[in-house]
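Listing of run_5.cif; format and content: mmCIF, C-alpha atoms.
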```cif
data_final
loop_
_atom_site.label_atom_id
_atom_site.label_comp_id
_atom_site.auth_asym_id
_atom_site.auth_seq_id
_atom_site.Cartn_x
_atom_site.Cartn_y
_atom_site.Cartn_z
CA MET Z 1 -56.20 22.41 12.16
CA GLU Z 2 -57.03 22.11 15.81
CA ILE Z 3 -60.70 22.00 15.01
CA ASN Z 4 -60.17 19.34 12.49
CA LEU Z 5 -58.21 17.25 15.00
CA ASN Z 6 -60.89 17.74 17.65
CA GLU Z 7 -63.59 16.91 15.15
CA LEU Z 8 -61.61 13.94 13.97
CA ARG Z 9 -61.16 12.80 17.59
CA ASP Z 10 -64.92 13.20 18.26
CA TRP Z 11 -65.74 11.39 15.08
CA SER Z 12 -63.32 8.58 16.01
CA ASP Z 13 -64.83 8.28 19.52
CA ASP Z 14 -68.36 8.22 18.05
CA ALA Z 15 -67.32 5.58 15.55
CA ARG Z 16 -65.70 3.50 18.31
CA ARG Z 17 -68.87 3.70 20.45
CA MET Z 18 -70.99 2.78 17.46
CA LEU Z 19 -68.73 -0.22 16.74
CA ASP Z 20 -68.92 -1.29 20.42
CA ARG Z 21 -72.73 -1.12 20.28
CA GLU Z 22 -72.74 -3.13 17.06
CA ARG Z 23 -70.37 -5.70 18.61
CA GLU Z 24 -72.65 -6.01 21.67
CA LYS Z 25 -75.66 -6.49 19.38
CA MET Z 26 -73.77 -9.15 17.43
CA VAL Z 27 -72.71 -10.92 20.65
CA GLU Z 28 -76.35 -10.88 21.80
CA ARG Z 29 -77.42 -12.35 18.41
CA VAL Z 30 -74.80 -15.09 18.69
CA GLU Z 31 -75.96 -15.91 22.23
CA LEU Z 32 -79.57 -15.95 21.01
CA ALA Z 33 -78.59 -18.24 18.11
CA ASP Z 34 -76.81 -20.57 20.59
CA ARG Z 35 -79.88 -20.71 22.83
CA LEU Z 36 -82.09 -21.42 19.82
CA ALA Z 37 -79.73 -24.20 18.68
CA ARG Z 38 -79.89 -25.81 22.15
CA ALA Z 39 -83.68 -25.51 22.09
CA MET Z 40 -83.79 -27.20 18.67
CA GLU Z 41 -81.61 -30.05 20.00
CA ALA Z 42 -84.04 -30.49 22.90
CA VAL Z 43 -86.96 -30.52 20.43
CA ASP Z 44 -85.17 -33.17 18.34
CA GLU Z 45 -84.68 -35.33 21.45
CA ILE Z 46 -88.34 -34.96 22.36
CA LEU Z 47 -89.38 -35.90 18.82
CA ASP Z 48 -87.14 -38.99 18.90
CA GLU Z 49 -88.60 -40.04 22.25
CA ASN Z 50 -92.10 -39.43 20.89
CA GLU Z 51 -91.41 -41.76 17.94
CA SER Z 52 -90.07 -44.40 20.31
CA LEU Z 53 -93.14 -44.11 22.53
CA LYS Z 54 -95.44 -44.35 19.50
CA ALA Z 55 -93.74 -47.58 18.43
CA GLU Z 56 -94.04 -48.96 21.96
CA LEU Z 57 -97.71 -47.95 22.07
CA GLU Z 58 -98.39 -49.79 18.81
CA THR Z 59 -96.69 -52.90 20.18
CA LEU Z 60 -98.75 -52.70 23.38
CA ARG Z 61 -101.94 -52.22 21.38
CA ALA Z 62 -101.15 -55.30 19.30
CA GLN Z 63 -100.49 -57.28 22.51
CA LEU Z 64 -103.76 -56.06 24.01
CA GLN Z 65 -105.67 -57.06 20.89
CA SER Z 66 -104.05 -60.50 20.91
CA GLU Z 67 -104.89 -60.99 24.59
CA LYS Z 68 -108.48 -59.86 23.99
CA GLU Z 69 -108.78 -62.42 21.20
CA GLN Z 70 -107.33 -65.15 23.42
CA ARG Z 71 -109.71 -64.23 26.22
CA THR Z 72 -112.69 -64.25 23.86
CA LYS Z 73 -111.62 -67.67 22.56
CA ALA Z 74 -111.16 -69.01 26.11
CA GLU Z 75 -114.57 -67.65 27.17
CA MET Z 76 -116.15 -69.24 24.11
CA GLN Z 77 -114.48 -72.59 24.90
CA LEU Z 78 -115.58 -72.34 28.52
CA GLY Z 79 -119.14 -71.61 27.40
CA GLU Z 80 -119.09 -74.56 25.05
CA MET Z 81 -117.65 -76.77 27.77
CA SER Z 82 -120.40 -75.66 30.16
CA LYS Z 83 -123.06 -76.44 27.55
CA LEU Z 84 -121.44 -79.78 26.84
CA SER Z 85 -121.20 -80.65 30.51
CA ALA Z 86 -124.84 -79.72 31.05
CA GLY Z 87 -125.80 -81.88 28.09
CA VAL Z 88 -123.72 -84.78 29.33
CA ALA Z 89 -125.24 -84.49 32.79
CA LYS Z 90 -128.75 -84.60 31.40
CA LYS Z 91 -128.07 -87.65 29.28
CA ALA Z 92 -125.93 -89.73 31.60
CA SER Z 93 -126.26 -91.02 35.09
CA GLN Z 94 -123.78 -89.98 37.77
CA GLU Z 95 -122.00 -93.32 37.61
CA GLU Z 96 -121.39 -92.93 33.89
CA VAL Z 97 -120.16 -89.38 34.38
CA LEU Z 98 -117.81 -90.53 37.15
CA LYS Z 99 -116.53 -93.37 34.97
CA ALA Z 100 -115.90 -90.97 32.05
CA LEU Z 101 -114.16 -88.50 34.36
CA ARG Z 102 -112.00 -91.24 35.85
CA VAL Z 103 -110.90 -92.44 32.39
CA PHE Z 104 -110.23 -88.88 31.26
CA VAL Z 105 -108.19 -88.05 34.39
CA ASN Z 106 -106.16 -91.27 34.11
CA LYS Z 107 -105.34 -90.64 30.45
CA SER Z 108 -104.49 -87.02 31.22
CA LYS Z 109 -101.79 -88.04 33.70
CA ARG Z 110 -99.45 -88.63 30.74
CA LYS Z 111 -99.89 -85.12 29.36
CA LYS Z 112 -97.65 -82.10 29.96
CA VAL Z 113 -98.12 -79.98 33.08
CA ASP Z 114 -99.96 -77.10 31.40
CA LYS Z 115 -102.45 -79.48 29.82
CA ARG Z 116 -102.92 -81.35 33.11
CA ILE Z 117 -103.70 -78.04 34.83
CA ALA Z 118 -106.31 -77.26 32.16
CA VAL Z 119 -107.78 -80.76 32.49
CA LYS Z 120 -107.99 -80.38 36.28
CA GLU Z 121 -109.90 -77.11 35.92
CA MET Z 122 -112.24 -78.57 33.27
CA VAL Z 123 -113.01 -81.70 35.29
CA LEU Z 124 -113.69 -79.72 38.46
CA GLU Z 125 -115.88 -77.29 36.50
CA LEU Z 126 -117.75 -80.18 34.89
CA ALA Z 127 -118.31 -81.86 38.25
CA ASN Z 128 -119.42 -78.61 39.92
CA ALA Z 129 -121.72 -77.62 37.06
CA ASN Z 130 -123.44 -80.99 37.18
CA GLY Z 131 -123.52 -81.35 40.94
CA VAL Z 132 -121.49 -84.56 40.80
CA LEU Z 133 -119.99 -85.62 44.12
CA LEU Z 134 -116.50 -86.98 43.43
CA PRO Z 135 -115.30 -90.11 45.24
CA GLU Z 136 -112.18 -89.73 47.40
CA ASP Z 137 -109.84 -91.61 45.05
CA LEU Z 138 -110.96 -89.64 41.98
CA SER Z 139 -110.76 -86.39 43.93
CA ALA Z 140 -107.19 -87.22 45.00
CA ALA Z 141 -106.26 -88.11 41.41
CA ILE Z 142 -107.68 -84.81 40.17
CA ASP Z 143 -105.89 -82.84 42.89
CA SER Z 144 -102.56 -84.42 41.97
CA LEU Z 145 -102.93 -83.69 38.24
CA ASP Z 146 -101.09 -80.38 38.42
CA ASP Z 147 -98.21 -81.77 40.50
CA GLU Z 148 -94.80 -81.89 38.83
CA GLN Z 149 -94.04 -85.38 37.65
CA LEU Z 150 -90.71 -86.76 36.62
CA GLU Z 151 -90.56 -87.91 33.03
CA ALA Z 152 -90.66 -91.72 32.77
CA ARG Z 153 -87.40 -93.02 31.38
CA VAL Z 154 -87.32 -95.90 28.91
CA VAL Z 155 -84.27 -98.17 29.10
CA ASN Z 156 -83.61 -100.64 26.31
CA VAL Z 157 -81.22 -103.50 27.00
CA GLN Z 158 -79.76 -105.60 24.21
CA GLY Z 159 -77.84 -108.84 24.66
CA ASN Z 160 -77.98 -111.49 27.36
CA TYR Z 161 -77.55 -110.22 30.89
CA ASN Z 162 -77.95 -111.92 34.25
CA ASP Z 163 -80.05 -110.37 36.94
CA ILE Z 164 -78.50 -107.66 39.05
CA HIS Z 165 -77.19 -109.13 42.28
CA ASP Z 166 -76.84 -107.58 45.71
CA ASN Z 167 -73.33 -106.45 44.81
CA GLY Z 168 -74.79 -103.86 42.38
CA SER Z 169 -73.04 -105.11 39.26
CA VAL Z 170 -74.33 -106.81 36.16
CA ASN Z 171 -72.58 -109.94 34.97
CA LYS Z 172 -72.58 -110.60 31.24
CA ILE Z 173 -72.85 -114.20 30.06
#
```
Write out the structure in this file as structure tokens.
Amino acid sequence: MEINLNELRDWSDDARRMLDREREKMVERVELADRLARAMEAVDEILDENESLKAELETLRAQLQSEKEQRTKAEMQLGEMSKLSAGVAKKASQEEVLKALRVFVNKSKRKKVDKRIAVKEMVLELANANGVLLPEDLSAAIDSLDDEQLEARVVNVQGNYNDIHDNGSVNKI
């Protein structure tokens, strides 16, 4: 029986060692699976960021295309304006050109700031392209086109009122 007990003890020790090795292998597999899961999470984050960047890129491409179209349109308008100004200069004397510019500048004073800035650039370009020397008053008017101007206020008064006196009040009749 002693042999059987010794054999049984050896067999039990061998089985225990084998189970320990299997447990270690399983622990290593679990650790590997955890590392792979973390790697997959990182890949998912990268893919999400990639999608976001693709959407942003498409938006930027659309903006670029729009700006290219605006630039092409502006260049075309500038070219047409240059042709027009050259044609006007050939057909009209300097006095007529100055008169037309003066009328245009005076009417443009009532426009919004962004339009006045565009008018200022166009008038200066027209004058430069045609070699027109601007008089001082017209030059000053053109220079002040892009200045901020307060909106004119319209006041309507109904009824009969006396003039305002030095005391600052209005007397009603």
Given the file above and the PyMOL selection byres ((chain Z and resi 104-113) around 12), which residues are selected, and can you give them as a JSON list (two decimals) with C-alpha atoms, keeping the file's coordinate frame?
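Output below, filename expr_39.json:
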```json
[["chain", "number", "residue", "atom", "x", "y", "z"],
["Z", 97, "VAL", "CA", -120.16, -89.38, 34.38],
["Z", 98, "LEU", "CA", -117.81, -90.53, 37.15],
["Z", 99, "LYS", "CA", -116.53, -93.37, 34.97],
["Z", 100, "ALA", "CA", -115.90, -90.97, 32.05],
["Z", 101, "LEU", "CA", -114.16, -88.50, 34.36],
["Z", 102, "ARG", "CA", -112.00, -91.24, 35.85],
["Z", 103, "VAL", "CA", -110.90, -92.44, 32.39],
["Z", 114, "ASP", "CA", -99.96, -77.10, 31.40],
["Z", 115, "LYS", "CA", -102.45, -79.48, 29.82],
["Z", 116, "ARG", "CA", -102.92, -81.35, 33.11],
["Z", 117, "ILE", "CA", -103.70, -78.04, 34.83],
["Z", 118, "ALA", "CA", -106.31, -77.26, 32.16],
["Z", 119, "VAL", "CA", -107.78, -80.76, 32.49],
["Z", 120, "LYS", "CA", -107.99, -80.38, 36.28],
["Z", 121, "GLU", "CA", -109.90, -77.11, 35.92],
["Z", 122, "MET", "CA", -112.24, -78.57, 33.27],
["Z", 123, "VAL", "CA", -113.01, -81.70, 35.29],
["Z", 124, "LEU", "CA", -113.69, -79.72, 38.46],
["Z", 137, "ASP", "CA", -109.84, -91.61, 45.05],
["Z", 138, "LEU", "CA", -110.96, -89.64, 41.98],
["Z", 139, "SER", "CA", -110.76, -86.39, 43.93],
["Z", 140, "ALA", "CA", -107.19, -87.22, 45.00],
["Z", 141, "ALA", "CA", -106.26, -88.11, 41.41],
["Z", 142, "ILE", "CA", -107.68, -84.81, 40.17],
["Z", 143, "ASP", "CA", -105.89, -82.84, 42.89],
["Z", 144, "SER", "CA", -102.56, -84.42, 41.97],
["Z", 145, "LEU", "CA", -102.93, -83.69, 38.24],
["Z", 146, "ASP", "CA", -101.09, -80.38, 38.42],
["Z", 147, "ASP", "CA", -98.21, -81.77, 40.50],
["Z", 148, "GLU", "CA", -94.80, -81.89, 38.83],
["Z", 149, "GLN", "CA", -94.04, -85.38, 37.65],
["Z", 150, "LEU", "CA", -90.71, -86.76, 36.62],
["Z", 151, "GLU", "CA", -90.56, -87.91, 33.03],
["Z", 152, "ALA", "CA", -90.66, -91.72, 32.77]]
```
Separation of atom CA of Z:Asp13 from atom CA of Z:Glu31, in Å and rounded to one decimal: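 Atom-to-atom, atom CA of Z:Asp13 and atom CA of Z:Glu31 are spaced 26.8 Å apart.
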Given only C-alpha atoms as the counted atoms, nearest of Z:Met81, Z:Val132, Z:Met40, Z:Met26 to Z:Glu96: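 Looking only at the distances to Z:Glu96, the closest residue turns out to be Z:Val132.
Pairwise distance (atom CA of Z:Ala86, atom CA of Z:Leu126) equals 8.1 Å.
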Nearest to Z:Gly79, chosen from Z:Glu7, Z:Asp44, Z:Glu125, Z:Glu95, with all atoms listed in the file counted in the distances: Z:Glu125
Distance in Å - atom CA of Z:Ser85 versus atom CA of Z:Asn128: 9.8 Å
Using the atoms already present, construct N, CA and C atoms for stretch 120-150 of chain Z and hand them back as a PDB file, in the frame of the given file.
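Everything below was put into selection16.pdb:
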```
ATOM      1  N   LYS Z 120    -107.520 -80.441  34.888  1.00  0.00           N
ATOM      2  CA  LYS Z 120    -107.990 -80.380  36.280  1.00  0.00           C
ATOM      3  C   LYS Z 120    -109.111 -79.350  36.405  1.00  0.00           C
ATOM      4  N   GLU Z 121    -108.879 -78.160  35.835  1.00  0.00           N
ATOM      5  CA  GLU Z 121    -109.900 -77.110  35.920  1.00  0.00           C
ATOM      6  C   GLU Z 121    -111.183 -77.530  35.209  1.00  0.00           C
ATOM      7  N   MET Z 122    -111.045 -78.157  34.029  1.00  0.00           N
ATOM      8  CA  MET Z 122    -112.240 -78.570  33.270  1.00  0.00           C
ATOM      9  C   MET Z 122    -113.024 -79.637  34.032  1.00  0.00           C
ATOM     10  N   VAL Z 123    -112.320 -80.611  34.586  1.00  0.00           N
ATOM     11  CA  VAL Z 123    -113.010 -81.700  35.290  1.00  0.00           C
ATOM     12  C   VAL Z 123    -113.725 -81.165  36.530  1.00  0.00           C
ATOM     13  N   LEU Z 124    -113.039 -80.306  37.277  1.00  0.00           N
ATOM     14  CA  LEU Z 124    -113.690 -79.720  38.460  1.00  0.00           C
ATOM     15  C   LEU Z 124    -114.891 -78.878  38.068  1.00  0.00           C
ATOM     16  N   GLU Z 125    -114.767 -78.114  36.982  1.00  0.00           N
ATOM     17  CA  GLU Z 125    -115.880 -77.290  36.500  1.00  0.00           C
ATOM     18  C   GLU Z 125    -117.043 -78.178  36.068  1.00  0.00           C
ATOM     19  N   LEU Z 126    -116.722 -79.245  35.352  1.00  0.00           N
ATOM     20  CA  LEU Z 126    -117.750 -80.180  34.890  1.00  0.00           C
ATOM     21  C   LEU Z 126    -118.473 -80.806  36.083  1.00  0.00           C
ATOM     22  N   ALA Z 127    -117.700 -81.240  37.069  1.00  0.00           N
ATOM     23  CA  ALA Z 127    -118.310 -81.860  38.250  1.00  0.00           C
ATOM     24  C   ALA Z 127    -119.167 -80.859  39.012  1.00  0.00           C
ATOM     25  N   ASN Z 128    -118.658 -79.636  39.189  1.00  0.00           N
ATOM     26  CA  ASN Z 128    -119.420 -78.610  39.920  1.00  0.00           C
ATOM     27  C   ASN Z 128    -120.669 -78.206  39.162  1.00  0.00           C
ATOM     28  N   ALA Z 129    -120.567 -78.049  37.853  1.00  0.00           N
ATOM     29  CA  ALA Z 129    -121.720 -77.620  37.060  1.00  0.00           C
ATOM     30  C   ALA Z 129    -122.829 -78.656  37.082  1.00  0.00           C
ATOM     31  N   ASN Z 130    -122.441 -79.920  37.217  1.00  0.00           N
ATOM     32  CA  ASN Z 130    -123.440 -80.990  37.180  1.00  0.00           C
ATOM     33  C   ASN Z 130    -123.805 -81.514  38.555  1.00  0.00           C
ATOM     34  N   GLY Z 131    -123.212 -80.930  39.583  1.00  0.00           N
ATOM     35  CA  GLY Z 131    -123.520 -81.350  40.940  1.00  0.00           C
ATOM     36  C   GLY Z 131    -123.075 -82.772  41.238  1.00  0.00           C
ATOM     37  N   VAL Z 132    -121.992 -83.211  40.600  1.00  0.00           N
ATOM     38  CA  VAL Z 132    -121.490 -84.560  40.800  1.00  0.00           C
ATOM     39  C   VAL Z 132    -120.571 -84.561  42.016  1.00  0.00           C
ATOM     40  N   LEU Z 133    -120.834 -85.470  42.941  1.00  0.00           N
ATOM     41  CA  LEU Z 133    -119.990 -85.620  44.120  1.00  0.00           C
ATOM     42  C   LEU Z 133    -118.885 -86.610  43.772  1.00  0.00           C
ATOM     43  N   LEU Z 134    -117.638 -86.156  43.841  1.00  0.00           N
ATOM     44  CA  LEU Z 134    -116.500 -86.980  43.430  1.00  0.00           C
ATOM     45  C   LEU Z 134    -116.079 -87.914  44.562  1.00  0.00           C
ATOM     46  N   PRO Z 135    -115.820 -89.187  44.240  1.00  0.00           N
ATOM     47  CA  PRO Z 135    -115.300 -90.110  45.240  1.00  0.00           C
ATOM     48  C   PRO Z 135    -113.897 -89.672  45.674  1.00  0.00           C
ATOM     49  N   GLU Z 136    -113.467 -90.163  46.833  1.00  0.00           N
ATOM     50  CA  GLU Z 136    -112.180 -89.730  47.400  1.00  0.00           C
ATOM     51  C   GLU Z 136    -111.017 -90.033  46.475  1.00  0.00           C
ATOM     52  N   ASP Z 137    -110.980 -91.246  45.907  1.00  0.00           N
ATOM     53  CA  ASP Z 137    -109.840 -91.610  45.050  1.00  0.00           C
ATOM     54  C   ASP Z 137    -109.789 -90.763  43.787  1.00  0.00           C
ATOM     55  N   LEU Z 138    -110.932 -90.484  43.180  1.00  0.00           N
ATOM     56  CA  LEU Z 138    -110.960 -89.640  41.980  1.00  0.00           C
ATOM     57  C   LEU Z 138    -110.601 -88.203  42.334  1.00  0.00           C
ATOM     58  N   SER Z 139    -111.091 -87.739  43.475  1.00  0.00           N
ATOM     59  CA  SER Z 139    -110.760 -86.390  43.930  1.00  0.00           C
ATOM     60  C   SER Z 139    -109.264 -86.237  44.160  1.00  0.00           C
ATOM     61  N   ALA Z 140    -108.644 -87.256  44.763  1.00  0.00           N
ATOM     62  CA  ALA Z 140    -107.190 -87.220  45.000  1.00  0.00           C
ATOM     63  C   ALA Z 140    -106.438 -87.242  43.672  1.00  0.00           C
ATOM     64  N   ALA Z 141    -106.908 -88.039  42.724  1.00  0.00           N
ATOM     65  CA  ALA Z 141    -106.260 -88.110  41.410  1.00  0.00           C
ATOM     66  C   ALA Z 141    -106.352 -86.763  40.692  1.00  0.00           C
ATOM     67  N   ILE Z 142    -107.502 -86.121  40.802  1.00  0.00           N
ATOM     68  CA  ILE Z 142    -107.680 -84.810  40.170  1.00  0.00           C
ATOM     69  C   ILE Z 142    -106.786 -83.769  40.837  1.00  0.00           C
ATOM     70  N   ASP Z 143    -106.732 -83.799  42.164  1.00  0.00           N
ATOM     71  CA  ASP Z 143    -105.890 -82.840  42.890  1.00  0.00           C
ATOM     72  C   ASP Z 143    -104.422 -82.991  42.543  1.00  0.00           C
ATOM     73  N   SER Z 144    -103.986 -84.200  42.264  1.00  0.00           N
ATOM     74  CA  SER Z 144    -102.560 -84.420  41.970  1.00  0.00           C
ATOM     75  C   SER Z 144    -102.225 -84.215  40.499  1.00  0.00           C
ATOM     76  N   LEU Z 145    -103.204 -83.877  39.677  1.00  0.00           N
ATOM     77  CA  LEU Z 145    -102.930 -83.690  38.240  1.00  0.00           C
ATOM     78  C   LEU Z 145    -101.910 -82.593  37.979  1.00  0.00           C
ATOM     79  N   ASP Z 146    -101.981 -81.498  38.712  1.00  0.00           N
ATOM     80  CA  ASP Z 146    -101.090 -80.380  38.420  1.00  0.00           C
ATOM     81  C   ASP Z 146     -99.757 -80.463  39.153  1.00  0.00           C
ATOM     82  N   ASP Z 147     -99.507 -81.586  39.839  1.00  0.00           N
ATOM     83  CA  ASP Z 147     -98.210 -81.770  40.500  1.00  0.00           C
ATOM     84  C   ASP Z 147     -97.151 -82.049  39.434  1.00  0.00           C
ATOM     85  N   GLU Z 148     -95.931 -81.605  39.726  1.00  0.00           N
ATOM     86  CA  GLU Z 148     -94.800 -81.890  38.830  1.00  0.00           C
ATOM     87  C   GLU Z 148     -94.529 -83.375  38.874  1.00  0.00           C
ATOM     88  N   GLN Z 149     -94.342 -83.966  37.716  1.00  0.00           N
ATOM     89  CA  GLN Z 149     -94.040 -85.380  37.650  1.00  0.00           C
ATOM     90  C   GLN Z 149     -92.741 -85.551  36.881  1.00  0.00           C
ATOM     91  N   LEU Z 150     -91.941 -86.465  37.339  1.00  0.00           N
ATOM     92  CA  LEU Z 150     -90.710 -86.760  36.620  1.00  0.00           C
ATOM     93  C   LEU Z 150     -91.063 -87.540  35.362  1.00  0.00           C
TER      94      LEU Z 150
END
```
